[in-house]
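As stored in upload-v2.tsv (TSV, C-alpha atoms and all ligand atoms):
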chain	number	residue	atom	x	y	z
A	12	MET	CA	-2.53	22.15	0.97
A	13	LYS	CA	0.67	20.35	1.79
A	14	ARG	CA	2.57	22.67	-0.48
A	15	ARG	CA	1.03	25.71	1.23
A	16	ASP	CA	1.94	24.29	4.64
A	17	PHE	CA	5.47	23.81	3.47
A	18	ILE	CA	5.78	27.39	2.19
A	19	LYS	CA	4.27	28.70	5.42
A	20	LYS	CA	6.69	26.70	7.55
A	21	ALA	CA	9.62	27.68	5.38
A	22	GLY	CA	8.57	31.30	5.67
A	23	VAL	CA	8.36	31.13	9.43
A	24	GLY	CA	11.70	29.31	9.50
A	25	ALA	CA	13.36	31.95	7.37
A	26	LEU	CA	12.00	34.71	9.57
A	27	ALA	CA	13.27	32.94	12.66
A	28	ALA	CA	16.69	32.48	11.07
A	29	GLY	CA	16.71	36.14	10.02
A	30	ALA	CA	15.87	37.24	13.54
A	31	ALA	CA	18.62	35.03	14.94
A	32	MET	CA	21.16	36.42	12.45
A	33	GLY	CA	20.08	39.97	13.19
A	34	ALA	CA	20.58	39.28	16.87
A	35	VAL	CA	24.33	38.57	16.53
A	36	PRO	CA	26.37	41.70	17.29
A	37	ALA	CA	24.23	43.91	15.01
A	38	MET	CA	21.59	46.57	15.68
A	39	ALA	CA	21.75	47.65	19.28
A	40	ASP	CA	25.33	46.50	19.85
A	41	LYS	CA	28.29	48.79	19.38
A	42	PRO	CA	30.35	48.20	16.22
A	43	VAL	CA	33.43	46.03	16.50
A	44	MET	CA	36.40	48.41	16.30
A	45	TRP	CA	39.83	47.11	15.28
A	46	LYS	CA	43.21	48.64	14.61
A	47	MET	CA	45.53	47.53	11.79
A	48	VAL	CA	49.20	48.56	11.87
A	49	THR	CA	51.31	48.26	8.73
A	50	THR	CA	54.96	48.23	7.68
A	51	TRP	CA	54.19	50.76	4.90
A	52	PRO	CA	54.22	54.54	4.98
A	53	PRO	CA	50.60	55.79	5.41
A	54	HIS	CA	48.44	55.10	2.33
A	55	PHE	CA	51.57	54.05	0.43
A	56	PRO	CA	50.67	53.31	-3.22
A	57	ILE	CA	49.33	49.79	-3.77
A	58	LEU	CA	50.77	48.38	-0.49
A	59	GLY	CA	49.30	50.78	2.06
A	60	GLU	CA	46.31	51.31	-0.20
A	61	GLY	CA	45.74	47.55	-0.10
A	62	ALA	CA	45.53	47.67	3.69
A	63	ASP	CA	43.09	50.60	3.43
A	64	TYR	CA	41.04	48.59	0.96
A	65	ILE	CA	40.69	45.66	3.39
A	66	ALA	CA	39.31	48.06	6.02
A	67	LYS	CA	36.93	49.67	3.52
A	68	LEU	CA	35.54	46.31	2.36
A	69	VAL	CA	35.09	45.06	5.92
A	70	GLU	CA	33.16	48.17	6.86
A	71	GLU	CA	30.97	48.00	3.75
A	72	MET	CA	30.25	44.29	3.97
A	73	SER	CA	29.37	44.53	7.63
A	74	GLY	CA	27.10	47.52	7.08
A	75	GLY	CA	29.34	49.61	9.31
A	76	LYS	CA	29.23	47.10	12.20
A	77	PHE	CA	32.89	46.11	11.90
A	78	LYS	CA	35.40	48.92	11.46
A	79	ILE	CA	39.18	48.78	11.13
A	80	SER	CA	41.39	51.86	11.55
A	81	VAL	CA	44.57	51.57	9.50
A	82	TYR	CA	47.88	53.02	10.67
A	83	GLY	CA	50.99	53.56	8.54
A	84	ALA	CA	54.48	52.75	9.79
A	85	GLY	CA	55.38	54.96	12.73
A	86	GLU	CA	51.85	56.25	13.33
A	87	LEU	CA	51.15	53.80	16.14
A	88	VAL	CA	54.15	51.44	16.09
A	89	PRO	CA	57.31	51.45	13.94
A	90	ALA	CA	57.33	49.32	10.76
A	91	MET	CA	59.38	46.61	12.42
A	92	GLY	CA	57.12	46.62	15.50
A	93	VAL	CA	54.06	45.32	13.61
A	94	PHE	CA	54.63	41.65	14.39
A	95	ASP	CA	54.98	42.19	18.17
A	96	ALA	CA	52.05	44.62	18.35
A	97	VAL	CA	49.67	42.10	16.76
A	98	SER	CA	51.20	39.13	18.56
A	99	GLN	CA	50.79	40.79	21.95
A	100	GLY	CA	47.28	42.01	21.15
A	101	THR	CA	48.16	45.71	21.36
A	102	VAL	CA	46.30	45.86	18.05
A	103	GLU	CA	44.14	43.23	16.38
A	104	MET	CA	45.71	43.17	12.95
A	105	GLY	CA	48.76	43.96	10.81
A	106	HIS	CA	49.90	44.18	7.18
A	107	GLY	CA	53.45	43.73	5.93
A	108	ALA	CA	55.68	41.00	4.51
A	109	ALA	CA	56.83	37.84	6.30
A	110	TYR	CA	60.56	38.26	5.55
A	111	TYR	CA	60.67	41.14	7.98
A	112	TRP	CA	60.20	38.59	10.78
A	113	SER	CA	63.08	36.26	9.87
A	114	GLY	CA	64.72	37.03	13.23
A	115	LYS	CA	61.69	35.60	15.05
A	116	ALA	CA	60.84	32.78	12.68
A	117	PRO	CA	63.32	32.09	9.84
A	118	ALA	CA	60.83	29.81	8.07
A	119	ALA	CA	58.46	32.77	7.65
A	120	GLN	CA	60.67	33.87	4.74
A	121	PHE	CA	59.20	31.13	2.56
A	122	PHE	CA	55.95	33.08	2.78
A	123	ALA	CA	57.44	36.32	1.47
A	124	ALA	CA	60.13	35.73	-1.16
A	125	VAL	CA	62.47	32.89	-2.06
A	126	PRO	CA	65.27	33.67	-4.55
A	127	PHE	CA	64.48	31.73	-7.74
A	128	GLY	CA	61.35	30.51	-5.94
A	129	PHE	CA	57.69	30.73	-6.86
A	130	ASN	CA	56.06	33.42	-8.93
A	131	ALA	CA	52.80	34.92	-7.65
A	132	GLN	CA	50.61	32.31	-9.30
A	133	SER	CA	52.52	29.33	-7.90
A	134	GLN	CA	52.87	30.96	-4.48
A	135	ASN	CA	49.13	31.55	-4.25
A	136	SER	CA	48.60	27.98	-5.35
A	137	TRP	CA	51.07	26.47	-2.84
A	138	VAL	CA	49.76	28.53	0.08
A	139	THR	CA	46.02	28.19	-0.51
A	140	SER	CA	45.84	24.72	-2.04
A	141	GLY	CA	49.15	22.94	-1.62
A	142	GLY	CA	49.69	22.75	2.14
A	143	GLY	CA	51.57	26.04	2.54
A	144	LEU	CA	48.96	27.83	4.65
A	145	GLU	CA	48.85	25.06	7.25
A	146	LEU	CA	52.63	25.36	7.68
A	147	TRP	CA	52.49	29.14	7.83
A	148	GLU	CA	49.79	28.87	10.52
A	149	GLU	CA	51.98	26.42	12.42
A	150	ILE	CA	54.89	28.91	12.35
A	151	TYR	CA	52.73	31.82	13.55
A	152	LYS	CA	50.59	29.98	16.12
A	153	PRO	CA	53.17	30.20	18.96
A	154	PHE	CA	53.04	33.98	18.40
A	155	ASN	CA	49.23	33.96	18.66
A	156	LEU	CA	48.99	35.05	15.04
A	157	LYS	CA	46.89	33.96	12.09
A	158	PRO	CA	48.57	34.66	8.70
A	159	TYR	CA	46.91	35.45	5.38
A	160	LEU	CA	48.11	36.03	1.84
A	161	GLY	CA	47.73	39.80	1.68
A	162	GLY	CA	48.91	40.86	-1.78
A	163	ASN	CA	51.71	40.12	-4.23
A	164	THR	CA	54.13	42.33	-6.16
A	165	GLY	CA	54.62	39.91	-9.06
A	166	VAL	CA	58.18	39.51	-10.39
A	167	GLN	CA	60.24	42.43	-9.13
A	168	MET	CA	63.12	44.17	-10.91
A	169	GLY	CA	66.74	43.14	-10.26
A	170	GLY	CA	67.78	46.56	-9.07
A	171	TRP	CA	69.66	49.78	-9.74
A	172	PHE	CA	73.42	49.86	-10.33
A	173	ASN	CA	75.98	52.46	-11.29
A	174	LYS	CA	78.25	49.94	-12.94
A	175	GLU	CA	77.51	47.13	-15.33
A	176	ILE	CA	77.23	43.61	-13.98
A	177	LYS	CA	79.01	41.46	-16.54
A	178	SER	CA	80.09	38.60	-14.31
A	179	VAL	CA	79.57	37.42	-10.73
A	180	ASP	CA	82.91	39.06	-9.88
A	181	ASP	CA	81.26	42.44	-10.44
A	182	LEU	CA	79.16	41.74	-7.34
A	183	LYS	CA	82.23	41.35	-5.13
A	184	GLY	CA	82.47	44.11	-2.55
A	185	LEU	CA	79.25	45.68	-3.82
A	186	LYS	CA	77.24	47.33	-1.06
A	187	MET	CA	73.64	46.69	-2.03
A	188	ARG	CA	70.32	47.27	-0.34
A	189	ILE	CA	68.63	43.88	-0.73
A	190	PRO	CA	66.46	42.21	1.91
A	191	GLY	CA	65.91	38.66	3.10
A	192	LEU	CA	67.30	35.53	1.53
A	193	GLY	CA	68.37	37.49	-1.56
A	194	GLY	CA	70.81	39.37	0.66
A	195	GLN	CA	72.32	36.08	1.82
A	196	VAL	CA	72.73	35.02	-1.79
A	197	LEU	CA	74.51	38.30	-2.59
A	198	ALA	CA	76.81	37.69	0.39
A	199	LYS	CA	77.78	34.32	-1.08
A	200	ALA	CA	78.76	36.15	-4.25
A	201	GLY	CA	81.04	38.38	-2.18
A	202	GLY	CA	78.70	41.36	-1.93
A	203	ASN	CA	77.49	43.18	1.18
A	204	ALA	CA	73.75	43.12	1.74
A	205	ILE	CA	72.70	46.22	3.63
A	206	LEU	CA	69.33	46.83	5.24
A	207	VAL	CA	67.92	50.22	4.38
A	208	ALA	CA	64.37	51.33	5.14
A	209	ALA	CA	62.28	52.39	2.16
A	210	GLY	CA	62.42	56.08	3.03
A	211	GLU	CA	66.24	56.15	3.08
A	212	ILE	CA	67.09	54.23	-0.08
A	213	TYR	CA	67.34	57.29	-2.33
A	214	THR	CA	69.65	59.35	-0.10
A	215	ASN	CA	71.83	56.35	0.76
A	216	LEU	CA	72.40	55.65	-2.91
A	217	GLU	CA	72.94	59.31	-3.69
A	218	ARG	CA	75.55	59.67	-0.94
A	219	GLY	CA	77.31	56.41	-1.73
A	220	VAL	CA	76.38	54.71	1.55
A	221	ILE	CA	75.25	51.94	-0.79
A	222	ASP	CA	76.47	51.24	-4.35
A	223	ALA	CA	73.30	49.61	-5.58
A	224	THR	CA	69.76	48.89	-4.50
A	225	GLU	CA	66.68	46.98	-5.35
A	226	TRP	CA	63.25	48.21	-4.34
A	227	VAL	CA	60.17	46.80	-6.06
A	228	GLY	CA	59.52	47.40	-9.74
A	229	PRO	CA	59.01	50.23	-12.24
A	230	PHE	CA	55.93	51.71	-10.57
A	231	HIS	CA	57.44	52.12	-7.10
A	232	ASP	CA	61.02	52.72	-8.27
A	233	LEU	CA	59.91	55.61	-10.46
A	234	THR	CA	57.87	57.03	-7.58
A	235	ILE	CA	60.94	57.37	-5.34
A	236	GLY	CA	63.12	58.58	-8.22
A	237	LEU	CA	65.84	55.92	-8.24
A	238	HIS	CA	66.61	56.76	-11.88
A	239	LYS	CA	68.11	60.05	-10.67
A	240	VAL	CA	70.81	58.28	-8.66
A	241	ALA	CA	71.58	55.16	-10.72
A	242	LYS	CA	72.30	54.51	-14.38
A	243	PHE	CA	71.53	50.87	-14.98
A	244	TYR	CA	68.24	49.13	-14.25
A	245	TYR	CA	68.65	45.36	-14.20
A	246	TYR	CA	66.16	42.53	-14.60
A	247	PRO	CA	64.88	40.00	-13.69
A	248	GLY	CA	64.29	40.23	-9.94
A	249	TRP	CA	65.72	36.76	-9.27
A	250	HIS	CA	65.65	37.47	-5.53
A	251	GLU	CA	61.94	38.33	-5.39
A	252	PRO	CA	60.07	36.55	-8.19
A	253	GLY	CA	56.66	36.90	-6.56
A	254	THR	CA	56.89	38.64	-3.23
A	255	THR	CA	53.95	37.84	-1.04
A	256	LEU	CA	52.58	40.47	1.26
A	257	GLU	CA	50.80	39.34	4.37
A	258	ALA	CA	47.95	40.22	6.63
A	259	MET	CA	48.18	38.93	10.19
A	260	VAL	CA	45.46	38.74	12.80
A	261	ASN	CA	45.70	38.22	16.55
A	262	ILE	CA	44.12	34.81	17.21
A	263	ASN	CA	42.25	35.88	20.38
A	264	ALA	CA	40.74	38.85	18.57
A	265	TYR	CA	39.75	36.62	15.65
A	266	GLU	CA	38.09	34.06	17.90
A	267	LYS	CA	35.91	36.79	19.41
A	268	LEU	CA	34.43	37.63	16.01
A	269	SER	CA	31.04	36.24	14.97
A	270	PRO	CA	31.11	33.67	12.14
A	271	GLU	CA	29.76	36.39	9.81
A	272	PHE	CA	32.52	38.83	10.67
A	273	LYS	CA	35.17	36.12	10.33
A	274	ALA	CA	33.87	35.41	6.82
A	275	ILE	CA	33.78	39.12	6.00
A	276	LEU	CA	37.38	39.62	7.15
A	277	ASP	CA	38.66	36.50	5.34
A	278	THR	CA	36.90	37.58	2.14
A	279	ALA	CA	38.14	41.17	2.27
A	280	ILE	CA	41.75	40.04	2.67
A	281	ALA	CA	41.43	37.53	-0.16
A	282	ARG	CA	40.03	40.24	-2.43
A	283	ALA	CA	42.90	42.59	-1.56
A	284	ASN	CA	45.40	39.79	-2.22
A	285	SER	CA	44.32	39.48	-5.85
A	286	LEU	CA	43.72	43.20	-6.37
A	287	MET	CA	47.25	44.23	-5.40
A	288	LEU	CA	48.88	41.83	-7.88
A	289	ALA	CA	46.51	43.07	-10.57
A	290	GLN	CA	47.51	46.67	-9.88
A	291	PHE	CA	51.22	45.92	-10.09
A	292	GLU	CA	50.76	44.04	-13.34
A	293	ALA	CA	48.60	46.78	-14.83
A	294	ARG	CA	50.91	49.68	-13.96
A	295	ASN	CA	54.48	48.44	-14.31
A	296	ASN	CA	54.93	48.52	-18.06
A	297	ASP	CA	53.89	52.16	-18.53
A	298	ASP	CA	56.32	53.20	-15.82
A	299	LEU	CA	59.13	51.09	-17.28
A	300	ASN	CA	58.55	52.84	-20.62
A	301	GLU	CA	58.70	56.20	-18.91
A	302	LEU	CA	61.97	55.29	-17.19
A	303	VAL	CA	63.54	54.18	-20.45
A	304	THR	CA	62.18	56.76	-22.89
A	305	LYS	CA	61.80	59.88	-20.78
A	306	HIS	CA	64.53	59.37	-18.16
A	307	LYS	CA	66.98	57.50	-20.43
A	308	VAL	CA	67.54	54.69	-17.96
A	309	GLN	CA	69.68	51.89	-19.38
A	310	LEU	CA	67.68	48.70	-19.09
A	311	LYS	CA	69.85	45.58	-18.81
A	312	LYS	CA	69.33	41.89	-18.29
A	313	PHE	CA	71.65	40.05	-15.91
A	314	PRO	CA	73.89	37.76	-17.99
A	315	ASP	CA	72.77	34.10	-17.93
A	316	ASP	CA	76.02	33.03	-16.25
A	317	VAL	CA	75.40	35.47	-13.40
A	318	LEU	CA	71.85	34.17	-12.90
A	319	LYS	CA	73.03	30.56	-13.05
A	320	GLN	CA	75.64	31.14	-10.36
A	321	LEU	CA	73.22	33.09	-8.17
A	322	LYS	CA	70.80	30.19	-8.41
A	323	VAL	CA	73.51	27.80	-7.19
A	324	TYR	CA	74.10	30.13	-4.23
A	325	ALA	CA	70.35	30.43	-3.61
A	326	ASN	CA	70.01	26.67	-3.29
A	327	GLU	CA	72.94	26.63	-0.86
A	328	VAL	CA	71.29	29.33	1.25
A	329	LEU	CA	68.04	27.30	1.42
A	330	GLU	CA	69.85	24.05	2.25
A	331	GLU	CA	71.83	25.74	5.02
A	332	MET	CA	68.70	27.32	6.44
A	333	ALA	CA	66.93	23.95	6.46
A	334	ALA	CA	69.91	22.32	8.18
A	335	LYS	CA	69.87	24.88	10.99
A	336	ASP	CA	66.15	25.22	11.71
A	337	PRO	CA	63.71	22.24	11.89
A	338	MET	CA	60.68	24.34	10.93
A	339	SER	CA	62.52	25.72	7.89
A	340	LYS	CA	63.36	22.13	6.93
A	341	LYS	CA	59.70	21.13	7.16
A	342	VAL	CA	58.57	24.10	5.05
A	343	TYR	CA	61.40	23.62	2.55
A	344	GLU	CA	60.33	19.99	2.02
A	345	SER	CA	56.77	21.08	1.26
A	346	PHE	CA	58.06	23.89	-0.97
A	347	LYS	CA	60.30	21.50	-2.93
A	348	SER	CA	57.63	18.88	-3.34
A	349	PHE	CA	55.08	21.41	-4.57
A	350	ARG	CA	57.71	22.98	-6.83
A	351	SER	CA	58.39	19.71	-8.65
A	352	LYS	CA	54.66	19.16	-9.09
A	353	ILE	CA	53.84	22.66	-10.33
A	354	TYR	CA	56.91	22.83	-12.60
A	355	GLU	CA	55.98	19.49	-14.14
A	356	TRP	CA	52.51	20.85	-14.87
A	357	ASN	CA	53.97	24.15	-16.13
A	358	LYS	CA	55.93	22.22	-18.75
A	359	THR	CA	52.61	21.18	-20.24
A	360	SER	CA	50.66	24.34	-19.48
A	361	GLU	CA	52.53	27.66	-19.17
A	362	GLU	CA	55.76	26.97	-21.01
A	363	PRO	CA	54.51	25.75	-24.38
A	364	TYR	CA	52.11	28.68	-24.32
A	365	GLN	CA	54.84	31.21	-23.41
A	366	GLN	CA	56.81	30.20	-26.51
A	367	PHE	CA	54.00	31.34	-28.77
A	368	LYS	CA	52.71	34.22	-26.71
A	369	TYR	CA	54.62	36.92	-28.58
A	370	ILE	CA	54.12	35.71	-32.17
A	401	CA	CA	62.23	44.23	-3.27
Please re-express this file's structure in structure tokens.
Amino acid sequence: MKRRDFIKKAGVGALAAGAAMGAVPAMADKPVMWKMVTTWPPHFPILGEGADYIAKLVEEMSGGKFKISVYGAGELVPAMGVFDAVSQGTVEMGHGAAYYWSGKAPAAQFFAAVPFGFNAQSQNSWVTSGGGLELWEEIYKPFNLKPYLGGNTGVQMGGWFNKEIKSVDDLKGLKMRIPGLGGQVLAKAGGNAILVAAGEIYTNLERGVIDATEWVGPFHDLTIGLHKVAKFYYYPGWHEPGTTLEAMVNINAYEKLSPEFKAILDTAIARANSLMLAQFEARNNDDLNELVTKHKVQLKKFPDDVLKQLKVYANEVLEEMAAKDPMSKKVYESFKSFRSKIYEWNKTSEEPYQQFKYI
């Protein structure tokens, strides 16, 4: 009897809860409609597709009650206008990479790519579980933005050159397309870092406006045909060892969402974050093979001495940045402290395993 009472009550309770949940913005209400602007050309492989994927998941998980229209660079706002558009609430959401906003918040660069910094695994670990996200939120809050990890390229390639890089001196006077902190490191080596939008890299290299360029990795580099305008393909991508892509959401828009829709959005972005890295990792080797075997690209590793010196310069760049900007100092401290912890663990975990991985 008591048991039956309990089941009856529980049943009534569940029905009541169901009715309450159904009453949120569902059924009769109009769907929530958002816009997402991105720094990528429309539906750009992996990157733009990742933004599309977030919208698709949100729509599916919400049963069509929460829809996001995705816009490529230039469709609604230019690539470099994404931050302002989301910050000002012109649109609710954006997708890009945090180093594009270094002029607004230098410390944001720690959440995109640090030369000789974290790989994707350590970056995900620092941001989600090592205090990084709280700092990133602190940087973006004055702009009314909420940041998310929104994908990762994995270790990029070092770039395309038409001359061999045998010593650091070979970088002197070199005009290279290389973004962010990596560009500052190149400048310390005597090179000229030049900003070139994705769509202009090929022609700039072809016409000699730049002598060298980096872009992403085999999959994307093959897509834009960089092997047709450069001979040597260098690795590793010391300047972008695990470039983090980001999703950003206008805080006011986020606060208006129901708890269910917040959870749906958070979950969709997290899923896209891991999917994009998986896609890069799955595709790159086939495309590298194609570049080398079919297109006869000369694959080269930067000499150890070059990498060592670039690392010295990279540390100088980070120290100088921390000395100039208090927020960068705060983030750099967290970054360094997590780095010593994760590297210590890696000595016991990843490294001994790496040594035997290829046997
Ligand atoms: Ca790059």
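With the cut-off set to 8 Å and all atoms listed in the file counted, the residues surrounding ligand CA 401 (chain A) are Gln167, Met168, Ile189, Pro190, Glu225, Trp226, Val227, Gly228, His250, Glu251 and Thr254 of chain A.
Taking atom CA of Glu103 of chain A and atom CA of Ile57 of chain A as the two end points, the separation is 21.8 Å.
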*Which neighbours of segment 86-102 of chain A fall inside 6 Å, counting all atoms listed in the file, when residues of the same chain fewer than 5 positions from it are skipped, and could you give them as an MDAnalysis selection string?*
chainID A and resid 46 50 154:156 261
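Here atom CA of Ile150 of chain A and atom CA of Ser345 of chain A stand 13.7 Å from one another.
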Compute the distance from (66.2, 47.8, 4.7) to each atom, counting only C-alpha atoms, keep the residues with any atom at most 12 Å away, and return them as an mmCIF file with C-alpha atoms, keeping the file's coordinate frame; use the coordinates of the file.
data_model
loop_
_atom_site.group_PDB
_atom_site.id
_atom_site.type_symbol
_atom_site.label_atom_id
_atom_site.label_comp_id
_atom_site.auth_asym_id
_atom_site.auth_seq_id
_atom_site.Cartn_x
_atom_site.Cartn_y
_atom_site.Cartn_z
ATOM 1 C CA THR A 50 54.960 48.230 7.680
ATOM 2 C CA ALA A 90 57.330 49.320 10.760
ATOM 3 C CA MET A 91 59.380 46.610 12.420
ATOM 4 C CA TYR A 110 60.560 38.260 5.550
ATOM 5 C CA TYR A 111 60.670 41.140 7.980
ATOM 6 C CA MET A 187 73.640 46.690 -2.030
ATOM 7 C CA ARG A 188 70.320 47.270 -0.340
ATOM 8 C CA ILE A 189 68.630 43.880 -0.730
ATOM 9 C CA PRO A 190 66.460 42.210 1.910
ATOM 10 C CA GLY A 191 65.910 38.660 3.100
ATOM 11 C CA GLY A 194 70.810 39.370 0.660
ATOM 12 C CA ALA A 204 73.750 43.120 1.740
ATOM 13 C CA ILE A 205 72.700 46.220 3.630
ATOM 14 C CA LEU A 206 69.330 46.830 5.240
ATOM 15 C CA VAL A 207 67.920 50.220 4.380
ATOM 16 C CA ALA A 208 64.370 51.330 5.140
ATOM 17 C CA ALA A 209 62.280 52.390 2.160
ATOM 18 C CA GLY A 210 62.420 56.080 3.030
ATOM 19 C CA GLU A 211 66.240 56.150 3.080
ATOM 20 C CA ILE A 212 67.090 54.230 -0.080
ATOM 21 C CA TYR A 213 67.340 57.290 -2.330
ATOM 22 C CA ASN A 215 71.830 56.350 0.760
ATOM 23 C CA ILE A 221 75.250 51.940 -0.790
ATOM 24 C CA THR A 224 69.760 48.890 -4.500
ATOM 25 C CA GLU A 225 66.680 46.980 -5.350
ATOM 26 C CA TRP A 226 63.250 48.210 -4.340
#
